[in-house]
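Dumped run-v8.pdb below, it's PDB, C-alpha atoms:
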```pdb
ATOM      1  CA  MET A   1       0.000   0.000   0.000
ATOM      2  CA  PRO A   2       1.543   3.342  -1.015
ATOM      3  CA  SER A   3       2.356   5.748   1.801
ATOM      4  CA  ALA A   4      -0.053   8.649   2.297
ATOM      5  CA  GLN A   5       1.219  11.988   0.986
ATOM      6  CA  ILE A   6       0.052  15.419   2.156
ATOM      7  CA  ASN A   7       0.147  18.078  -0.536
ATOM      8  CA  GLN A   8       0.674  21.671   0.714
ATOM      9  CA  PRO A   9      -0.358  24.293  -1.914
ATOM     10  CA  SER A  10       2.701  26.244  -3.015
ATOM     11  CA  ASN A  11       0.908  29.621  -2.741
ATOM     12  CA  GLN A  12      -0.101  29.165   0.926
ATOM     13  CA  ILE A  13       1.959  30.734   3.728
ATOM     14  CA  ARG A  14       0.570  30.383   7.239
ATOM     15  CA  LEU A  15       1.240  33.220   9.658
ATOM     16  CA  THR A  16       0.164  33.650  13.288
ATOM     17  CA  ASN A  17       0.057  36.501  15.829
ATOM     18  CA  VAL A  18      -0.293  39.154  13.133
ATOM     19  CA  SER A  19      -1.836  42.586  12.754
ATOM     20  CA  LEU A  20      -3.621  42.900   9.416
ATOM     21  CA  VAL A  21      -3.821  45.930   7.143
ATOM     22  CA  ARG A  22      -6.532  45.603   4.527
ATOM     23  CA  MET A  23      -7.383  47.483   1.317
ATOM     24  CA  LYS A  24     -10.261  46.956  -1.085
ATOM     25  CA  LYS A  25      -9.870  47.635  -4.803
ATOM     26  CA  GLY A  26     -13.072  47.141  -6.759
ATOM     27  CA  LYS A  27     -14.372  43.700  -5.829
ATOM     28  CA  LYS A  28     -10.955  42.471  -4.704
ATOM     29  CA  ARG A  29      -9.662  42.631  -1.130
ATOM     30  CA  TYR A  30      -5.943  42.602  -0.337
ATOM     31  CA  GLU A  31      -4.116  42.189   2.966
ATOM     32  CA  ILE A  32      -0.598  42.448   4.324
ATOM     33  CA  ALA A  33       0.714  40.834   7.521
ATOM     34  CA  CYS A  34       2.435  43.107  10.051
ATOM     35  CA  TYR A  35       3.813  42.710  13.530
ATOM     36  CA  LYS A  36       1.456  43.883  16.274
ATOM     37  CA  ASN A  37       1.520  47.556  17.310
ATOM     38  CA  THR A  38       3.936  48.592  14.518
ATOM     39  CA  VAL A  39       1.709  50.046  11.783
ATOM     40  CA  THR A  40       0.752  53.191  13.713
ATOM     41  CA  SER A  41       4.404  53.831  14.600
ATOM     42  CA  PHE A  42       5.396  53.441  10.938
ATOM     43  CA  ARG A  43       2.715  55.882   9.768
ATOM     44  CA  ALA A  44       3.744  58.390  12.423
ATOM     45  CA  GLY A  45       7.364  58.174  11.241
ATOM     46  CA  HIS A  46       8.695  56.648  14.465
ATOM     47  CA  GLU A  47       9.509  53.317  12.801
ATOM     48  CA  THR A  48      11.306  53.338   9.435
ATOM     49  CA  ASP A  49      12.622  49.780   9.170
ATOM     50  CA  LEU A  50      10.151  47.760   7.079
ATOM     51  CA  ASP A  51      11.618  44.483   8.351
ATOM     52  CA  SER A  52      10.447  45.489  11.830
ATOM     53  CA  VAL A  53       6.924  46.198  10.531
ATOM     54  CA  LEU A  54       6.179  43.503   7.943
ATOM     55  CA  GLN A  55       6.108  39.860   8.891
ATOM     56  CA  ILE A  56       6.573  39.059   5.218
ATOM     57  CA  PRO A  57       6.867  41.562   2.303
ATOM     58  CA  ASN A  58       4.025  40.129   0.264
ATOM     59  CA  VAL A  59       0.379  40.776  -0.589
ATOM     60  CA  PHE A  60      -2.341  38.312   0.392
ATOM     61  CA  VAL A  61      -5.999  37.859  -0.417
ATOM     62  CA  ASN A  62      -6.422  36.068   2.919
ATOM     63  CA  VAL A  63      -3.649  36.115   5.509
ATOM     64  CA  SER A  64      -5.347  33.701   7.912
ATOM     65  CA  LYS A  65      -5.487  31.067   5.150
ATOM     66  CA  GLY A  66      -2.068  31.988   3.789
ATOM     67  CA  GLN A  67      -3.398  32.768   0.298
ATOM     68  CA  VAL A  68      -1.021  34.986  -1.668
ATOM     69  CA  ALA A  69      -2.568  37.452  -4.145
ATOM     70  CA  PRO A  70      -2.149  36.376  -7.815
ATOM     71  CA  ASN A  71       0.016  38.650  -9.999
ATOM     72  CA  GLU A  72      -2.806  39.026 -12.563
ATOM     73  CA  ASP A  73      -5.176  40.472  -9.927
ATOM     74  CA  LEU A  74      -2.528  42.841  -8.613
ATOM     75  CA  LYS A  75      -1.771  44.181 -12.111
ATOM     76  CA  LYS A  76      -5.459  44.944 -12.671
ATOM     77  CA  SER A  77      -5.991  46.510  -9.240
ATOM     78  CA  PHE A  78      -2.674  48.401  -9.050
ATOM     79  CA  PRO A  79      -1.644  49.152 -12.651
ATOM     80  CA  GLY A  80       1.984  50.098 -13.149
ATOM     81  CA  MET A  81       3.021  49.244  -9.568
ATOM     82  CA  SER A  82       5.441  46.571  -8.431
ATOM     83  CA  ARG A  83       4.578  44.177  -5.618
ATOM     84  CA  ASP A  84       6.853  46.094  -3.198
ATOM     85  CA  GLU A  85       5.126  49.374  -4.102
ATOM     86  CA  ILE A  86       1.732  47.750  -3.568
ATOM     87  CA  VAL A  87       2.829  46.576  -0.109
ATOM     88  CA  LEU A  88       3.795  50.165   0.802
ATOM     89  CA  GLU A  89       0.531  51.501  -0.646
ATOM     90  CA  ILE A  90      -1.518  49.152   1.540
ATOM     91  CA  LEU A  91       0.699  49.796   4.566
ATOM     92  CA  ASN A  92       0.256  53.575   4.306
ATOM     93  CA  LYS A  93      -3.392  53.797   3.230
ATOM     94  CA  GLY A  94      -5.028  50.513   4.213
ATOM     95  CA  GLU A  95      -7.434  49.925   7.090
ATOM     96  CA  ILE A  96      -5.840  48.452  10.201
ATOM     97  CA  GLN A  97      -7.709  45.397  11.484
ATOM     98  CA  VAL A  98      -7.617  45.511  15.266
ATOM     99  CA  GLY A  99      -8.059  42.326  17.282
ATOM    100  CA  GLU A 100     -10.021  42.063  20.524
ATOM    101  CA  LYS A 101      -6.914  42.112  22.733
ATOM    102  CA  GLU A 102      -5.422  45.076  20.863
ATOM    103  CA  ARG A 103      -8.745  46.929  21.053
ATOM    104  CA  GLY A 104      -8.869  46.355  24.806
ATOM    105  CA  ALA A 105      -5.298  47.549  25.263
ATOM    106  CA  GLU A 106      -5.963  50.671  23.166
ATOM    107  CA  LEU A 107      -9.128  51.445  25.158
ATOM    108  CA  GLU A 108      -7.220  51.069  28.424
ATOM    109  CA  ARG A 109      -4.439  53.346  27.180
ATOM    110  CA  MET A 110      -6.972  55.958  26.044
ATOM    111  CA  GLN A 111      -8.823  55.763  29.376
ATOM    112  CA  ARG A 112      -5.598  56.354  31.294
ATOM    113  CA  GLU A 113      -4.599  59.286  29.074
ATOM    114  CA  VAL A 114      -8.016  60.977  29.327
ATOM    115  CA  VAL A 115      -8.178  60.634  33.115
ATOM    116  CA  GLU A 116      -4.639  62.012  33.522
ATOM    117  CA  ILE A 117      -5.496  65.086  31.421
ATOM    118  CA  VAL A 118      -8.690  65.711  33.418
ATOM    119  CA  ALA A 119      -6.914  65.231  36.757
ATOM    120  CA  GLY A 120      -4.358  67.847  35.742
ATOM    121  CA  ARG A 121      -6.952  70.453  34.743
ATOM    122  CA  LEU A 122      -9.603  70.220  37.501
ATOM    123  CA  VAL A 123      -9.259  71.212  41.152
ATOM    124  CA  ASP A 124     -11.303  71.404  44.339
ATOM    125  CA  PRO A 125     -12.958  74.871  44.137
ATOM    126  CA  LYS A 126     -12.194  75.687  47.797
ATOM    127  CA  SER A 127      -8.701  74.317  48.359
ATOM    128  CA  LYS A 128      -7.550  74.663  44.704
ATOM    129  CA  ARG A 129      -5.893  71.266  45.130
ATOM    130  CA  VAL A 130      -5.910  68.584  42.462
ATOM    131  CA  TYR A 131      -7.726  65.292  42.879
ATOM    132  CA  THR A 132      -5.945  61.981  42.505
ATOM    133  CA  VAL A 133      -6.318  60.094  39.225
ATOM    134  CA  GLY A 134      -8.284  57.431  41.098
ATOM    135  CA  MET A 135     -10.870  59.927  42.401
ATOM    136  CA  ILE A 136     -11.374  61.444  38.943
ATOM    137  CA  GLU A 137     -11.748  57.980  37.409
ATOM    138  CA  LYS A 138     -14.318  57.015  40.046
ATOM    139  CA  ALA A 139     -16.331  60.215  39.433
ATOM    140  CA  LEU A 140     -16.354  59.587  35.671
ATOM    141  CA  ASP A 141     -17.392  55.969  36.213
ATOM    142  CA  GLN A 142     -20.287  57.235  38.338
ATOM    143  CA  LEU A 143     -21.442  59.507  35.515
ATOM    144  CA  SER A 144     -21.107  56.902  32.776
ATOM    145  CA  SER A 145     -22.867  54.190  34.798
ATOM    146  CA  GLN A 146     -25.871  56.474  35.391
ATOM    147  CA  GLY A 147     -26.116  57.981  31.938
ATOM    148  CA  GLY A 148     -24.057  61.074  32.675
ATOM    149  CA  HIS A 149     -26.605  62.712  34.958
ATOM    150  CA  ALA A 150     -26.375  60.980  38.331
ATOM    151  CA  VAL A 151     -26.787  64.136  40.373
ATOM    152  CA  GLY A 152     -29.908  65.196  38.489
ATOM    153  CA  ARG A 153     -31.548  61.838  39.059
ATOM    154  CA  GLN A 154     -30.769  61.860  42.759
ATOM    155  CA  ALA A 155     -32.144  65.371  43.074
ATOM    156  CA  ALA A 156     -35.328  64.405  41.256
ATOM    157  CA  LYS A 157     -35.802  61.425  43.577
ATOM    158  CA  GLY A 158     -35.338  63.702  46.568
ATOM    159  CA  HIS A 159     -37.989  66.118  45.290
ATOM    160  CA  GLU A 160     -40.420  63.305  44.566
ATOM    161  CA  GLY A 161     -39.963  61.911  48.073
ATOM    162  CA  GLY A 162     -40.473  65.363  49.590
ATOM    163  CA  ALA A 163     -43.641  65.935  47.555
ATOM    164  CA  ALA A 164     -45.052  62.568  48.668
ATOM    165  CA  ALA A 165     -44.364  63.395  52.328
ATOM    166  CA  ASP A 166     -46.097  66.761  51.963
ATOM    167  CA  ARG A 167     -49.166  65.128  50.447
ATOM    168  CA  SER A 168     -49.361  62.593  53.274
ATOM    169  CA  LYS A 169     -49.061  65.293  55.912
ATOM    170  CA  SER A 170     -51.736  67.404  54.227
ATOM    171  CA  ARG A 171     -54.220  64.512  54.221
ATOM    172  CA  GLU A 172     -53.785  64.037  57.966
ATOM    173  CA  GLN A 173     -54.467  67.686  58.777
ATOM    174  CA  SER A 174     -57.791  68.455  57.018
ATOM    175  CA  THR A 175     -59.670  68.445  53.754
ATOM    176  CA  ALA A 176     -58.904  72.103  53.192
ATOM    177  CA  THR A 177     -55.192  71.637  53.706
ATOM    178  CA  THR A 178     -55.364  68.522  51.487
ATOM    179  CA  ASP A 179     -56.565  70.689  48.618
ATOM    180  CA  SER A 180     -53.868  73.214  49.344
ATOM    181  CA  GLY A 181     -51.247  70.477  49.635
ATOM    182  CA  THR A 182     -52.322  68.984  46.312
ATOM    183  CA  GLY A 183     -51.748  72.324  44.636
ATOM    184  CA  THR A 184     -48.326  72.584  46.220
ATOM    185  CA  SER A 185     -47.596  69.022  45.164
ATOM    186  CA  GLY A 186     -48.504  69.823  41.575
ATOM    187  CA  ALA A 187     -46.165  72.785  41.642
ATOM    188  CA  GLY A 188     -43.455  70.565  43.103
ATOM    189  CA  GLU A 189     -43.911  67.992  40.349
ATOM    190  CA  GLY A 190     -43.706  70.752  37.756
ATOM    191  CA  SER A 191     -40.463  71.904  39.366
ATOM    192  CA  VAL A 192     -39.057  68.358  39.198
ATOM    193  CA  GLU A 193     -39.970  68.087  35.508
ATOM    194  CA  GLY A 194     -38.297  71.424  34.820
ATOM    195  CA  GLU A 195     -35.136  70.335  36.614
ATOM    196  CA  ALA A 196     -35.152  67.012  34.776
ATOM    197  CA  ALA A 197     -35.403  68.844  31.431
ATOM    198  CA  ALA A 198     -32.559  71.190  32.412
ATOM    199  CA  ASP A 199     -30.472  68.215  33.538
ATOM    200  CA  LYS A 200     -31.083  66.517  30.198
ATOM    201  CA  ALA A 201     -29.536  69.480  28.386
ATOM    202  CA  LYS A 202     -26.325  69.279  30.438
ATOM    203  CA  PRO A 203     -23.183  67.669  28.962
ATOM    204  CA  LYS A 204     -23.101  63.907  29.429
ATOM    205  CA  TRP A 205     -20.289  61.418  29.847
ATOM    206  CA  THR A 206     -20.809  57.875  28.577
ATOM    207  CA  GLY A 207     -17.223  56.639  28.686
ATOM    208  CA  VAL A 208     -14.016  56.570  26.633
ATOM    209  CA  THR A 209     -13.908  55.496  22.985
ATOM    210  CA  THR A 210     -11.020  54.938  20.584
ATOM    211  CA  ASN A 211     -12.677  56.971  17.802
ATOM    212  CA  LYS A 212     -11.786  60.396  19.255
ATOM    213  CA  SER A 213      -8.574  61.973  20.477
ATOM    214  CA  ALA A 214      -7.753  61.897  24.188
ATOM    215  CA  LYS A 215      -7.713  65.700  24.313
ATOM    216  CA  SER A 216     -11.240  66.124  22.903
ATOM    217  CA  GLN A 217     -12.605  63.396  25.181
ATOM    218  CA  ALA A 218     -10.926  64.958  28.209
ATOM    219  CA  LEU A 219     -12.661  68.243  27.383
ATOM    220  CA  GLU A 220     -16.031  66.464  27.221
ATOM    221  CA  ALA A 221     -15.308  64.717  30.524
ATOM    222  CA  MET A 222     -14.433  68.011  32.228
ATOM    223  CA  LYS A 223     -17.628  69.666  31.004
ATOM    224  CA  ALA A 224     -19.710  66.763  32.334
ATOM    225  CA  LEU A 225     -17.961  66.736  35.722
ATOM    226  CA  ILE A 226     -18.389  70.497  36.129
ATOM    227  CA  ALA A 227     -22.055  70.339  35.063
ATOM    228  CA  HIS A 228     -23.093  67.440  37.314
ATOM    229  CA  GLN A 229     -20.594  67.790  40.199
ATOM    230  CA  PRO A 230     -20.384  64.152  41.418
ATOM    231  CA  ILE A 231     -17.471  65.617  43.386
ATOM    232  CA  PRO A 232     -16.843  69.379  43.837
ATOM    233  CA  VAL A 233     -14.712  70.420  40.839
ATOM    234  CA  ALA A 234     -13.749  73.552  38.931
ATOM    235  CA  ARG A 235     -11.336  74.341  36.120
ATOM    236  CA  ALA A 236      -7.847  75.153  37.378
ATOM    237  CA  ARG A 237      -7.007  78.814  36.843
ATOM    238  CA  MET A 238      -4.539  80.013  34.227
ATOM    239  CA  ARG A 239      -1.501  82.091  35.161
ATOM    240  CA  LEU A 240      -0.968  84.996  32.759
ATOM    241  CA  ARG A 241       1.392  87.903  32.231
ATOM    242  CA  ILE A 242      -0.294  90.946  30.689
ATOM    243  CA  THR A 243       1.800  93.841  29.408
ATOM    244  CA  CYS A 244       0.456  97.173  28.197
ATOM    245  CA  PRO A 245       1.967 100.607  27.371
ATOM    246  CA  THR A 246       1.341 103.085  30.220
ATOM    247  CA  SER A 247       0.029 105.615  27.689
ATOM    248  CA  ILE A 248      -2.977 103.361  27.001
ATOM    249  CA  LEU A 249      -3.831 102.383  30.596
ATOM    250  CA  LYS A 250      -5.893 105.501  31.388
ATOM    251  CA  GLN A 251      -7.905 105.487  28.159
ATOM    252  CA  THR A 252     -11.672 105.166  28.686
ATOM    253  CA  VAL A 253     -13.394 101.934  27.732
ATOM    254  CA  LYS A 254     -16.856 102.432  26.232
ATOM    255  CA  ALA A 255     -18.100  98.852  26.439
ATOM    256  CA  PRO A 256     -19.063  97.661  29.972
ATOM    257  CA  ALA A 257     -16.906  94.922  31.494
ATOM    258  CA  THR A 258     -19.954  93.092  32.869
ATOM    259  CA  LYS A 259     -23.711  93.263  32.438
ATOM    260  CA  PRO A 260     -24.891  96.374  34.339
ATOM    261  CA  THR A 261     -27.400  95.772  37.132
ATOM    262  CA  SER A 262     -28.461  99.412  37.355
ATOM    263  CA  GLU A 263     -27.952 102.779  35.715
ATOM    264  CA  ASP A 264     -25.230 103.658  38.218
ATOM    265  CA  THR A 265     -23.170 100.548  37.530
ATOM    266  CA  ALA A 266     -23.642 101.034  33.779
ATOM    267  CA  GLU A 267     -22.282 104.579  34.075
ATOM    268  CA  GLU A 268     -19.339 103.352  36.133
ATOM    269  CA  ALA A 269     -18.569 100.670  33.524
ATOM    270  CA  VAL A 270     -18.519 103.227  30.737
ATOM    271  CA  LYS A 271     -16.139 105.409  32.734
ATOM    272  CA  GLY A 272     -13.731 102.499  33.393
ATOM    273  CA  THR A 273     -10.203 102.615  32.023
ATOM    274  CA  VAL A 274      -8.247 100.023  30.053
ATOM    275  CA  LYS A 275      -6.379  99.142  33.254
ATOM    276  CA  ASP A 276      -9.645  98.677  35.183
ATOM    277  CA  LYS A 277     -11.002  96.429  32.434
ATOM    278  CA  ILE A 278      -7.874  94.249  32.346
ATOM    279  CA  LEU A 279      -7.818  93.889  36.139
ATOM    280  CA  SER A 280     -11.524  92.937  36.122
ATOM    281  CA  PHE A 281     -10.539  89.681  34.396
ATOM    282  CA  VAL A 282      -7.791  88.891  36.916
ATOM    283  CA  GLU A 283      -9.113  86.972  39.923
ATOM    284  CA  GLN A 284      -5.901  87.299  41.905
ATOM    285  CA  VAL A 285      -2.986  89.616  41.168
ATOM    286  CA  GLU A 286       0.384  88.051  41.876
ATOM    287  CA  SER A 287       2.447  91.103  40.983
ATOM    288  CA  GLN A 288       2.248  94.316  38.980
ATOM    289  CA  ASP A 289       4.958  96.792  38.096
ATOM    290  CA  VAL A 290       5.860  99.615  35.731
ATOM    291  CA  LEU A 291       9.118  99.256  33.810
ATOM    292  CA  GLY A 292       9.881 102.343  31.758
ATOM    293  CA  GLU A 293       6.821 102.975  29.602
ATOM    294  CA  GLU A 294       5.317  99.510  30.059
ATOM    295  CA  TRP A 295       2.920  98.239  32.734
ATOM    296  CA  LYS A 296       3.141  94.567  33.586
ATOM    297  CA  VAL A 297       0.790  92.442  35.697
ATOM    298  CA  VAL A 298       1.022  88.725  36.551
ATOM    299  CA  GLY A 299      -2.106  87.038  37.901
ATOM    300  CA  PHE A 300      -4.627  84.211  37.790
ATOM    301  CA  VAL A 301      -7.547  84.107  35.342
ATOM    302  CA  GLU A 302     -10.450  81.692  34.913
ATOM    303  CA  PRO A 303     -10.017  79.683  31.655
ATOM    304  CA  GLY A 304     -13.459  80.792  30.457
ATOM    305  CA  SER A 305     -12.391  84.457  30.633
ATOM    306  CA  PHE A 306      -9.130  84.074  28.724
ATOM    307  CA  LYS A 307     -10.639  84.355  25.224
ATOM    308  CA  THR A 308     -12.586  87.518  26.113
ATOM    309  CA  LEU A 309      -9.506  89.038  27.740
ATOM    310  CA  SER A 310      -7.340  88.258  24.703
ATOM    311  CA  GLU A 311      -9.895  89.795  22.337
ATOM    312  CA  PHE A 312     -10.145  92.931  24.478
ATOM    313  CA  VAL A 313      -6.363  93.339  24.710
ATOM    314  CA  SER A 314      -6.017  92.850  20.952
ATOM    315  CA  THR A 315      -8.835  95.154  19.777
ATOM    316  CA  GLN A 316      -8.861  97.877  22.441
ATOM    317  CA  THR A 317      -5.089  98.455  22.321
ATOM    318  CA  LYS A 318      -4.736  97.695  18.595
ATOM    319  CA  GLY A 319      -2.174  94.988  19.326
ATOM    320  CA  ARG A 320       0.071  97.134  21.521
ATOM    321  CA  ALA A 321      -0.774  95.119  24.644
ATOM    322  CA  ARG A 322      -0.461  91.348  24.945
ATOM    323  CA  ALA A 323      -1.495  88.482  27.230
ATOM    324  CA  GLU A 324       0.974  85.603  27.637
ATOM    325  CA  VAL A 325       0.138  82.225  29.179
ATOM    326  CA  LEU A 326       2.675  81.301  31.854
ATOM    327  CA  ASP A 327       0.818  78.222  33.114
ATOM    328  CA  MET A 328      -2.239  76.575  31.529
ATOM    329  CA  ALA A 329      -3.464  75.079  34.819
ATOM    330  CA  VAL A 330      -2.249  76.246  38.225
ATOM    331  CA  THR A 331      -2.860  73.563  40.846
ATOM    332  CA  HIS A 332      -1.733  72.625  44.335
ATOM    333  CA  GLU A 333      -0.732  69.076  45.123
ATOM    334  CA  GLY A 334      -2.617  67.363  47.927
ATOM    335  CA  ASP A 335      -0.994  66.473  51.244
TER     336      ASP A 335
END
```
Could I get this file's structure written as structure tokens?
Amino acid sequence: MPSAQINQPSNQIRLTNVSLVRMKKGKKRYEIACYKNTVTSFRAGHETDLDSVLQIPNVFVNVSKGQVAPNEDLKKSFPGMSRDEIVLEILNKGEIQVGEKERGAELERMQREVVEIVAGRLVDPKSKRVYTVGMIEKALDQLSSQGGHAVGRQAAKGHEGGAAADRSKSREQSTATTDSGTGTSGAGEGSVEGEAAADKAKPKWTGVTTNKSAKSQALEAMKALIAHQPIPVARARMRLRITCPTSILKQTVKAPATKPTSEDTAEEAVKGTVKDKILSFVEQVESQDVLGEEWKVVGFVEPGSFKTLSEFVSTQTKGRARAEVLDMAVTHEGD
């Protein structure tokens, strides 16, 4: 009896533990096999050695089955290009196929990066001290697990419980007070609905994704934390240096610095000087001095006021004054 013979197709190459990059041309799909976590580094320019990126410099129609792409198909899909050029084309422009483990690792990395950014930009409003990364992560988890509006829900429950207690108490007193209590209850329910609607419009946090940058997600997370306050938080203040020629400081500013509450305050705002206006943005002055013909002040400003201050300095002084950022987020480390 002749010995059994196993025939292995000559165009099959089996590879394992790979990261795939895929490109579709017409009805044909092509793949290349790369080492894990190398494609992004290559595209960013950090890795230039192709031998460290490609497991094998060839084009496949199916890497998992080891099926190499036929030359005829490649010529039709990539006219005028050599196989090496096609490999580079797919490597640079193809879609990276991410496995479950890689996706989990990327999500974990993104989560850590977002939380670290947020922890560096938010502080306790009273002490001005930063929270630990763990506390920020726990607060964000609380928001995401309850749809981004945990505080609003708890408040609504509290109001509902209070309204129920009032109705019960009114029934025990008398019929007249029951009627009165019912009216109050209705008003209370209307108040709860209004608060629920307002809470719905607040920024929400549903968790980290890999589809957005860490910076943009950190900004969303900060807005949600500030809106819902699962823990007391506020944006860390910016430290600025503002310089302005002394000849401009005493000029009158026509536009009011803040919304006037009366005719008197409106008149005072109109009479304010450029110096008064600049100092109205500064929460805390660290130092101010006059050097020659230039006035200089260093102080702390709320991040939300920085844009308005910059626009004022630019337009009111016609570019002769300037605001420089010395520190994007001034914080105090906890004990």
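For Val123 of chain A, the non-local neighbours within 10 Å, defined as residues at least 3 positions apart in the same chain or in other chains and counting all atoms listed in the file, are Val118, Ala119, Gly120, Lys126, Ser127, Lys128, Arg129, Val130, Tyr131, Thr132, Pro232, Val233, Ala234, Arg235, Ala236, Arg237, Ala329, Val330, Thr331, His332 and Glu333 of chain A.
Distance annotation: of A:Ser280, A:Ala227, A:Val39, A:Ser145, the residue with the minimal separation from Asn92 of chain A is A:Val39; atom set is only C-alpha atoms.
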Coordinates-based distance that separates atom CA of Arg29 of chain A from atom CA of Asn62 of chain A (Å, one decimal): 8.4 Å
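Remark: for Lys223 of chain A, the closest of the candidate residues A:Leu122, A:Leu291, A:Ile90, A:Leu309 is A:Leu122 (distances computed over only C-alpha atoms).
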Å distance separating atom CA of Gly94 of chain A from atom CA of Ala44 of chain A, one decimal place: 14.4 Å
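Straight-line separation from atom CA of Thr308 of chain A to atom CA of Lys277 of chain A: 11.0 Å.
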Distance criterion (all atoms listed in the file): nearest to Phe42 of chain A out of A:Leu91, A:Glu220, A:Lys24, A:Asp141: A:Leu91
Expansion of the PyMOL selection byres ((chain A and resi 142) around 12) into residues, as a ChimeraX atom specification: /A:135-141,143-151,204-207,221,224-225,228-231
Nearest-residue call for Pro79 of chain A, choices A:Gly66, A:Lys25, A:Gln97, A:Trp295, using all atoms listed in the file: A:Lys25
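Nearest to Ser19 of chain A of all the residues A:Val301, A:Leu74, A:Leu88, A:Val98 is A:Val98, counting only C-alpha atoms.
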Selection: 9 Å around segment 104-113 of chain A, only C-alpha atoms, excl. self and same-chain fewer than 2 positions, as an NGL selection string: :A and (99-102 or 115-118 or 133 or 137 or 207-210 or 213-215 or 218)
Output check: residues returned by the PyMOL selection byres ((chain A and resi 51-59) around 6), as number ranges by chain: A: 31-35, 38, 49-50, 60, 69
Protein, DNA and RNA residues within 9 Å of (1.4, 85.5, 39.0), all atoms listed in the file, as a count of residues only: 13
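In terms of minimum interatomic distance to Arg320 of chain A, A:Cys244 ranks closest within A:Val253, A:Leu279, A:Val61, A:Cys244, counting only C-alpha atoms.
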Lys318 of chain A environment, 12 Å, all atoms listed in the file, sequence neighbours closer than 4 positions dropped, as a PyMOL selection string: chain A and resi 244-245+248+310-314+322
Missing atoms in segment 35-48 of chain A need filling: write out N, CA and C atoms for it as an mmCIF file, in the frame of the given file.
```
data_model
loop_
_atom_site.group_PDB
_atom_site.id
_atom_site.type_symbol
_atom_site.label_atom_id
_atom_site.label_comp_id
_atom_site.auth_asym_id
_atom_site.auth_seq_id
_atom_site.Cartn_x
_atom_site.Cartn_y
_atom_site.Cartn_z
ATOM 1 N N TYR A 35 3.658 43.005 12.111
ATOM 2 C CA TYR A 35 3.813 42.710 13.530
ATOM 3 C C TYR A 35 2.855 43.607 14.314
ATOM 4 N N LYS A 36 2.406 43.132 15.464
ATOM 5 C CA LYS A 36 1.456 43.883 16.274
ATOM 6 C C LYS A 36 2.046 45.214 16.742
ATOM 7 N N ASN A 37 1.182 46.228 16.774
ATOM 8 C CA ASN A 37 1.520 47.556 17.310
ATOM 9 C C ASN A 37 2.664 48.249 16.575
ATOM 10 N N THR A 38 2.846 47.950 15.269
ATOM 11 C CA THR A 38 3.936 48.592 14.518
ATOM 12 C C THR A 38 3.432 49.517 13.415
ATOM 13 N N VAL A 39 2.215 49.285 12.928
ATOM 14 C CA VAL A 39 1.709 50.046 11.783
ATOM 15 C C VAL A 39 1.546 51.529 12.135
ATOM 16 N N THR A 40 0.958 51.800 13.297
ATOM 17 C CA THR A 40 0.752 53.191 13.713
ATOM 18 C C THR A 40 2.084 53.911 13.873
ATOM 19 N N SER A 41 3.076 53.232 14.432
ATOM 20 C CA SER A 41 4.404 53.831 14.600
ATOM 21 C C SER A 41 5.046 54.131 13.252
ATOM 22 N N PHE A 42 4.845 53.231 12.282
ATOM 23 C CA PHE A 42 5.396 53.441 10.938
ATOM 24 C C PHE A 42 4.742 54.659 10.282
ATOM 25 N N ARG A 43 3.417 54.754 10.394
ATOM 26 C CA ARG A 43 2.715 55.882 9.768
ATOM 27 C C ARG A 43 3.052 57.214 10.431
ATOM 28 N N ALA A 44 3.378 57.161 11.709
ATOM 29 C CA ALA A 44 3.744 58.390 12.423
ATOM 30 C C ALA A 44 5.201 58.779 12.196
ATOM 31 N N GLY A 45 5.964 57.881 11.531
ATOM 32 C CA GLY A 45 7.364 58.174 11.241
ATOM 33 C C GLY A 45 8.329 57.747 12.321
ATOM 34 N N HIS A 46 7.816 57.084 13.377
ATOM 35 C CA HIS A 46 8.695 56.648 14.465
ATOM 36 C C HIS A 46 9.457 55.370 14.095
ATOM 37 N N GLU A 47 8.874 54.558 13.240
ATOM 38 C CA GLU A 47 9.509 53.317 12.801
ATOM 39 C C GLU A 47 9.741 53.389 11.294
ATOM 40 N N THR A 48 10.978 53.217 10.867
ATOM 41 C CA THR A 48 11.306 53.338 9.435
ATOM 42 C C THR A 48 11.800 52.028 8.827
#
```
